[in-house]
Amino acid sequence: MDFVAEGDNSTKTWILPLRDWIDLNRTHLRKSIHVFSQDANNKDDARNPVSTNQRSRCNNDEVAQTAKHARSTCASYSIRVANLLIDRLVRSEELDIPNNIVESFEAEHIATKNFLVSIPLPNEITFTGPPLVSEISQQLDIKQVESILKECVEVKLVPTLQNIVGFRIDAAIERGFYRKIGLLFYEIFTGETTLPPQFRFDENSKDAANGDDDEQVGSPKDEEEQGSENGSRKHTTMDADKVLKRLNLSDPLVLLQQMSLPTSICRLVADLLEADESDECMFRSLNDVKAELMQIMDDPEIFLHEGSISQTSIDFNDENIYGRTKEMYDLIQATLQAPQLSQMDISPVVLIGGDPGAGKSKLATSIHSALRARGWNVLSCKFDRLNQNQPLSTICSTFEDFFQSIATTKAKLDDGILVDEADEQYIIHLLSLFESHLSASGIVALSNLIPCLRSMFPDIFRRMLTHVMSNPYSPMMIFLDDLQWADNDSLDLLTSLVTDITDIENLGIDEDFDRRCVCFVATYRYDEGMRNQNLVDFIKAVNDSNVTQITDLNLDGMGEKGTNSMISDALKLPIRMTRSLSDVVQRKTLGNPFYVKIFMTMLAEENCLRYSLKERRWMWDINDVYQRSMVQDLALVLTQKLLRLPDEVQDALTFVSCFGRSVHRDVLALTAESKSGAVISDRCLELAVEERILEKSGDTYVFPHDLIQQAAYERVSTDKTNKIHVHIGLQILTRAVFSGHVDPFSTLSFVGIEQITKANDFELTNPGLRISLAALFLRVGRRSIKTAAFPSALLYLEKGISLLGNDGWDLNHELCLHLHESACQAVYLNALPRRVSTFAEIIKSHTEDFMDQIMCYHIVIKTLATTGKVREAVDKFFDVMKELKEEFPPNVTPTTILSRLNATKDDLDKYSAEEILNIPKMTDKGKQWAMTLMLTMIPYIYMVSPRFIPLIATRMVHLSLKYGLVRESAIGLHTYSYSIVCLLQDIDGGFRWLRTTDSILERFNASEMYPKLRLLQCSFLTCWKEPFQSVTADIFQCHQQTLRVGDFECAVFSSHMHCQFMILSGGNLAAADKLCGVLSKEMIRLNQVQSLLEHSSIHNMVLHLIGSDKNPFDFPEISFKDENEVLDEAESSGKIVHANSIYTNRVMRSFFFRNYEYAKEMTEKYAALVGNESLRFQTIFYVFYRGLLAFRLARSEVDREYWLSSGEKSIKSYQTWVMHSKWNFENKLFLLEAECDFANREYESAEKKYLASIDSARRHKFIHEEGLAMDLLSSFYNERGDVEKGLEYLDGSFSCYEKWGASGLLKHLRGF
């Protein structure tokens, strides 16, 4: 033995012969048992004054347990050394032996004398020289010796064998090689160099084996004689068969077990000694030996300490993942990339697909604890095939669990209870983020989750994920399990959460802002998932998104190694012993983990797989196993398993399965009895738990796998399950809801409602019960509409209609009318236009009073408008208004408009703001509907017949003054204000009634309409006085607010206006491009295709300016290929405002690109289409660029007077506007005047005006117009012959355009 200095001064490496290490281990074992026995005796003497015999028996039991533990501990040290030794041999075996190397590793080298053990010694353990084993035992205590034994780091060859570089196991010597290892392991694990007397060989046997004294396992005398007679090393291999024969022992396993070794070690050593290539448990390579040692080390409780093994059922290790190494690596890699990808506004998405039972959920959940340990938040969301009590309920409950944990910790803090310091800081930080990013109203809405659940979700949850719940320092994983059963609302929400990461609140933020850091992991079934079109669309949207990084994991069956590892762990046997069994199971089950469990369980139940008390392990006949069939239809297999249970247990399982994957015991208690007695008993459920068909988690029964729930549900006919659903639903609703014990909108109530909804083709004979149920379904349907859960609303309302039956109109006409009205509204909200007509016709055929039909007319009009039939919708609107006695003139002239505006102005002048607010509420139902219809149609009439807008506005004001106020009066008064601003140029008069409109909404508590009103104010009024940049931010807030209240039309309009204001006020074009893309997707998600067309035109201008060749019209929902087709359709269908927008964008774009002839053409087409009439914010910019173009054309001397006159009109408009907002209009007016002076050859004045325009644009943050003024000043200097100044200002303009992000414009101008 020797010391070798390695590393720093605190550690030395002790190298000692393997034999010495074995002696040290055995000495330590004996000393440990002795010390522990003495301690036990001393403790017992002190506390147990009992008889000597009784104390002796107690001591013996304790000593026996102590000795067993000590042996297991020392055996673990031996296993480590044995594993290192085999590892050294494996490394030698894997080497390629060069042909010039004569000496190679042979079986005879497998001897203790040829191996050294390397152990690092801590600095506190010191010896003057290499110590003897006896010195170590005497000088060190037990703990120190243990630290030496378990710190073995390497097993080496002795120096004399350093030239050996490798070996090969030849088939002829294979058995002897493994047996030699078995003999070496025997010495390592027992410490014996000689066999006890019963092992002695027959001295007269001529077959006695020979060998060296430290190699031979026999008597000393035998060793001495054999060595002297032969003196050769070639016969040193011991023949185990001969040894066993002389001992008259047929089973070495039994012999070894008598030596108090763990069974796993006995089995390994015995099988090495009996190595036979014909044996199915034969070692195939040294790696098999190594794998078995590793298996014992990895699971010492079973293999070393010999924990209990079930003798009746197979215990599968549900914690381990088998055969998924690559998939696990890919999952971890994709997840851990989230912080890095978040800096690029990209979220990793992992889609795990596979057949039922493939282990998708287990793979995903296996990393949750590790992620939490790294500071991640993990939210798990499992969808259920049957348990869809409320739309979005699964996602809601997921976030609810998260916030409940936050609330619990917060309550402890409030009560002064100490919590972990890190948790305390996290809670305080989290709450501060909520207050700063969600606002008070947002927190309230999030807490209640009603009444604007769906409309709030995309906005609120994105903000939570972005600002509150996740960042690169606290990432989040959202796990979506069984996505194939997600409801449509949830899939819509998830699409938004995943793909809309770059929403508008991420634009223009500080660089130091912590972006959201979320990884989405979703599992889905191949079979169910591919039949779910909504899921297919979700996967496509995620794959097509440019803000996601997709990792697709396709889980097929486990490979042979995975299946073998799974079976080996379940049977508590080495993998080499289960190899033949797993080969058969693999072929039968195709490696599906759940199939493997079922098949193995079936083998045990049929006694093909049985536990042997003699062998102390599971046994099988491989031929018998091979003959067993495995039905590939897993549902059928599970059904067959269920059929072996008693009938009453089967019925109980079917009853429970009707609730879905889980059900609370209290709900069962409420529904499991009928007038005829109990439907199911607790005993049946307990039997199911014992059979592992059910699991019990607290007071909740849970199916361990959804396939088991499915098998239980489908074991009976549809008629039978229908009856169960009806029974459960009626029991809950009659006992809990109709009796008044619970709220109709409680979770329990929705359980009952869902049960009735699932049942088909059933009839109720009790008219009162039918009416009660139908009325309940009407209530929940209307509530679902309010919460924007439109698919569920339609489902509930149609069920309510069916409950009333064919005689519903006679049974309860009013209830039936309300159900059909709400159903008509629900099909509209679900974008089912054809069904709107169907319900409308049913209502008209069963009613005579026009007021009973007005609601369906309203929905029909909205359907026509939102599906692109705007002109037809407007015509239908005027027809309905005529029926309501509110007819409009067919032709509108400017004289008519001015007359109505002035008359309304005179009427309003008679009132103060306070007097208007004191006007009584409107009570006439017809006038109320007239106000509602006009409010609905304002944006669509504005699109195709803008001249009617002042008449609509004045009519709404007139009705409000004459018949009373309604909440729509606020919008009417605002639209009137907008009209007088645009047509009478009376900006101050328009602003007079702003506060009054707000107060009207406050009076009617119509907070849901405030975002719409605020949006209209920002888009059409405040922009005349407030800075454009401020208005842009305000419109963004309007977008957030309209989403929260579910006003999708206004949400879409606000997003379009926000984008437009951002671009026209000089916002960064790269950010604008990103914004436009996000908003386009939002419009598609909200089914607002018509608005998408106008928005895409704005996006098209941005793309030209940045030099992108993307097509903003490239959406499946759009049938137009480019902007030209959209413009043709707008002109042919009379969509004047849309065409106006396109022409304005083209004039602006072409002027920047110096394409003046094209700009001239566009202004002419604009004038031919809309004349001098204009009712849009874009008018400001059209007038500006038309004026600049006019003065440029005036310098060409062709039609000079015409163009000068046209330009001067623009100056006149801006001279009026600048009085209301110097910020917005001053730089533009200066530039128009500069161009006018240039055209009139007033050069000195022109130069001053150019410079004034540049300065004003810079001060007011219009970077694009600063660049444009420099560009025009450059042209001015060039034409005046001052080329140097011309280049100076041209460079300045290019610098501004670069800051603006107009790379496409720059490229064009530089090539000019």
# chains A, B, ... in the order shown; residues from 1 in each chain; ligands from 1
call {"tool": "residues_around", "arguments": {"residues": "range 549-556 of chain A", "least_positions_apart": "4", "cutoff": "9 Å", "atoms": "only C-alpha atoms", "output": "JSON, numbers by chain"}}
result
{"A": [324, 327, 330, 331, 334, 341, 346, 347, 348, 349, 350, 351, 352, 353, 354, 355, 358, 359, 360, 542, 543, 545, 590, 591, 592]}
call {"tool": "atom_distance", "arguments": {"atom1": "CA of Asp647 in chain A", "atom2": "CA of Val726 in chain A"}}
result
21.5 Å
call {"tool": "atom_distance", "arguments": {"atom1": "CA of Ser366 in chain A", "atom2": "CA of Ile321 in chain A"}}
result
7.8 Å
call {"tool": "residues_around", "arguments": {"residues": "Ile693 in chain A", "least_positions_apart": "5", "cutoff": "8 Å", "atoms": "only C-alpha atoms", "output": "MDAnalysis selection string"}}
result
chainID A and resid 688 703:704 708
call {"tool": "write_last_selection", "arguments": {"atoms": "all heavy atoms", "output": "PDB file, in the first residue's frame"}}
result
ATOM      1  N   ALA A 688     -63.552  -1.365  -5.600  1.00  0.00           N
ATOM      2  CA  ALA A 688     -62.918  -0.847  -6.814  1.00  0.00           C
ATOM      3  C   ALA A 688     -61.554  -0.241  -6.491  1.00  0.00           C
ATOM      4  O   ALA A 688     -60.601  -0.368  -7.271  1.00  0.00           O
ATOM      5  CB  ALA A 688     -63.818   0.192  -7.480  1.00  0.00           C
ATOM      6  N   PHE A 703     -60.283   8.113 -11.258  1.00  0.00           N
ATOM      7  CA  PHE A 703     -59.819   7.015 -12.101  1.00  0.00           C
ATOM      8  C   PHE A 703     -58.329   7.218 -12.358  1.00  0.00           C
ATOM      9  O   PHE A 703     -57.911   8.315 -12.778  1.00  0.00           O
ATOM     10  CB  PHE A 703     -60.579   6.987 -13.432  1.00  0.00           C
ATOM     11  CG  PHE A 703     -61.972   6.453 -13.319  1.00  0.00           C
ATOM     12  CD1 PHE A 703     -63.052   7.314 -13.235  1.00  0.00           C
ATOM     13  CD2 PHE A 703     -62.214   5.090 -13.296  1.00  0.00           C
ATOM     14  CE1 PHE A 703     -64.347   6.842 -13.127  1.00  0.00           C
ATOM     15  CE2 PHE A 703     -63.510   4.593 -13.188  1.00  0.00           C
ATOM     16  CZ  PHE A 703     -64.582   5.468 -13.109  1.00  0.00           C
ATOM     17  N   PRO A 704     -57.499   6.206 -12.139  1.00  0.00           N
ATOM     18  CA  PRO A 704     -56.050   6.382 -12.313  1.00  0.00           C
ATOM     19  C   PRO A 704     -55.637   6.683 -13.739  1.00  0.00           C
ATOM     20  O   PRO A 704     -54.571   7.242 -13.963  1.00  0.00           O
ATOM     21  CB  PRO A 704     -55.466   5.047 -11.835  1.00  0.00           C
ATOM     22  CG  PRO A 704     -56.590   4.078 -11.904  1.00  0.00           C
ATOM     23  CD  PRO A 704     -57.843   4.851 -11.667  1.00  0.00           C
ATOM     24  N   ILE A 708     -59.378   3.934 -18.266  1.00  0.00           N
ATOM     25  CA  ILE A 708     -60.208   3.128 -17.364  1.00  0.00           C
ATOM     26  C   ILE A 708     -61.576   3.777 -17.224  1.00  0.00           C
ATOM     27  O   ILE A 708     -62.613   3.091 -17.254  1.00  0.00           O
ATOM     28  CB  ILE A 708     -59.513   2.987 -15.999  1.00  0.00           C
ATOM     29  CG1 ILE A 708     -58.158   2.285 -16.167  1.00  0.00           C
ATOM     30  CG2 ILE A 708     -60.388   2.219 -15.026  1.00  0.00           C
ATOM     31  CD1 ILE A 708     -57.358   2.180 -14.884  1.00  0.00           C
TER      32      ILE A 708
END
call {"tool": "residues_around", "arguments": {"residues": "range 935-945 of chain A", "least_positions_apart": "3", "cutoff": "9 Å", "atoms": "only C-alpha atoms", "output": "PDB file with C-alpha atoms, in the first residue's frame"}}
result
ATOM      1  CA  HIS A 858     -81.572  43.285 -34.734  1.00  0.00           C
ATOM      2  CA  ILE A 861     -78.973  43.100 -39.292  1.00  0.00           C
ATOM      3  CA  LYS A 862     -75.781  42.588 -37.284  1.00  0.00           C
ATOM      4  CA  ALA A 865     -73.067  43.633 -41.443  1.00  0.00           C
ATOM      5  CA  VAL A 870     -72.988  45.946 -45.150  1.00  0.00           C
ATOM      6  CA  ARG A 871     -75.164  47.575 -47.796  1.00  0.00           C
ATOM      7  CA  ALA A 873     -77.634  45.404 -43.533  1.00  0.00           C
ATOM      8  CA  VAL A 874     -78.093  49.174 -43.899  1.00  0.00           C
ATOM      9  CA  PHE A 877     -81.948  48.747 -40.823  1.00  0.00           C
ATOM     10  CA  ALA A 930     -84.696  52.497 -32.183  1.00  0.00           C
ATOM     11  CA  MET A 931     -81.819  53.867 -30.070  1.00  0.00           C
ATOM     12  CA  THR A 932     -80.241  50.401 -29.828  1.00  0.00           C
ATOM     13  CA  PHE A 948     -76.342  59.644 -42.800  1.00  0.00           C
ATOM     14  CA  ILE A 949     -74.175  59.871 -39.690  1.00  0.00           C
ATOM     15  CA  ILE A 952     -78.444  59.376 -37.037  1.00  0.00           C
ATOM     16  CA  ALA A 953     -76.783  61.569 -34.409  1.00  0.00           C
ATOM     17  CA  MET A 956     -80.702  60.057 -31.263  1.00  0.00           C
ATOM     18  CA  GLU A 968     -77.343  54.955 -25.874  1.00  0.00           C
ATOM     19  CA  ILE A 971     -73.202  57.805 -27.901  1.00  0.00           C
ATOM     20  CA  GLY A 972     -75.803  59.808 -29.771  1.00  0.00           C
ATOM     21  CA  THR A 975     -71.776  61.473 -32.515  1.00  0.00           C
ATOM     22  CA  ALA A1130     -64.867  48.614 -51.564  1.00  0.00           C
ATOM     23  CA  SER A1133     -70.028  47.834 -52.762  1.00  0.00           C
ATOM     24  CA  GLY A1134     -70.150  51.480 -51.723  1.00  0.00           C
ATOM     25  CA  LYS A1135     -67.720  51.218 -48.803  1.00  0.00           C
ATOM     26  CA  ILE A1136     -66.647  54.826 -49.219  1.00  0.00           C
ATOM     27  CA  VAL A1137     -64.710  55.153 -45.984  1.00  0.00           C
ATOM     28  CA  HIS A1138     -62.664  52.057 -46.665  1.00  0.00           C
ATOM     29  CA  LEU A1175     -65.574  62.569 -41.581  1.00  0.00           C
TER      30      LEU A1175
END
call {"tool": "select_by_dssp", "arguments": {"residues": "range 707-753 of chain A", "states": "helix (DSSP H, G or I)", "output": "NGL selection string"}}
result
:A and (707-714 or 718-737 or 747-753)
call {"tool": "atom_distance", "arguments": {"atom1": "CA of Cys1236 in chain A", "atom2": "CA of Tyr1289 in chain A"}}
result
19.5 Å
call {"tool": "residues_around", "arguments": {"residues": "Trp929 in chain A", "least_positions_apart": "5", "cutoff": "12 Å", "atoms": "only C-alpha atoms", "output": "PyMOL selection string"}}
result
chain A and resi 850-858+877+880-881+883-886+922-924+934-936+956+959+966-968
call {"tool": "closest_residue", "arguments": {"among": "A:Val518, A:Lys572, A:Tyr322, A:Cys824", "to": "Gln343 in chain A", "atoms": "only C-alpha atoms"}}
result
A:Val518
call {"tool": "residues_around", "arguments": {"residues": "Val656 in chain A", "least_positions_apart": "2", "cutoff": "12 Å", "atoms": "only C-alpha atoms", "output": "NGL selection string"}}
result
:A and (386-387 or 649-654 or 658-665 or 667-669 or 671-672 or 679-682 or 684-685 or 688 or 693-695 or 700-703 or 708-713 or 721 or 724-725 or 728)
call {"tool": "residues_around", "arguments": {"residues": "Lys150 in chain A", "least_positions_apart": "4", "cutoff": "8 Å", "atoms": "only C-alpha atoms", "output": "PyMOL selection string"}}
result
chain A and resi 77+80+146
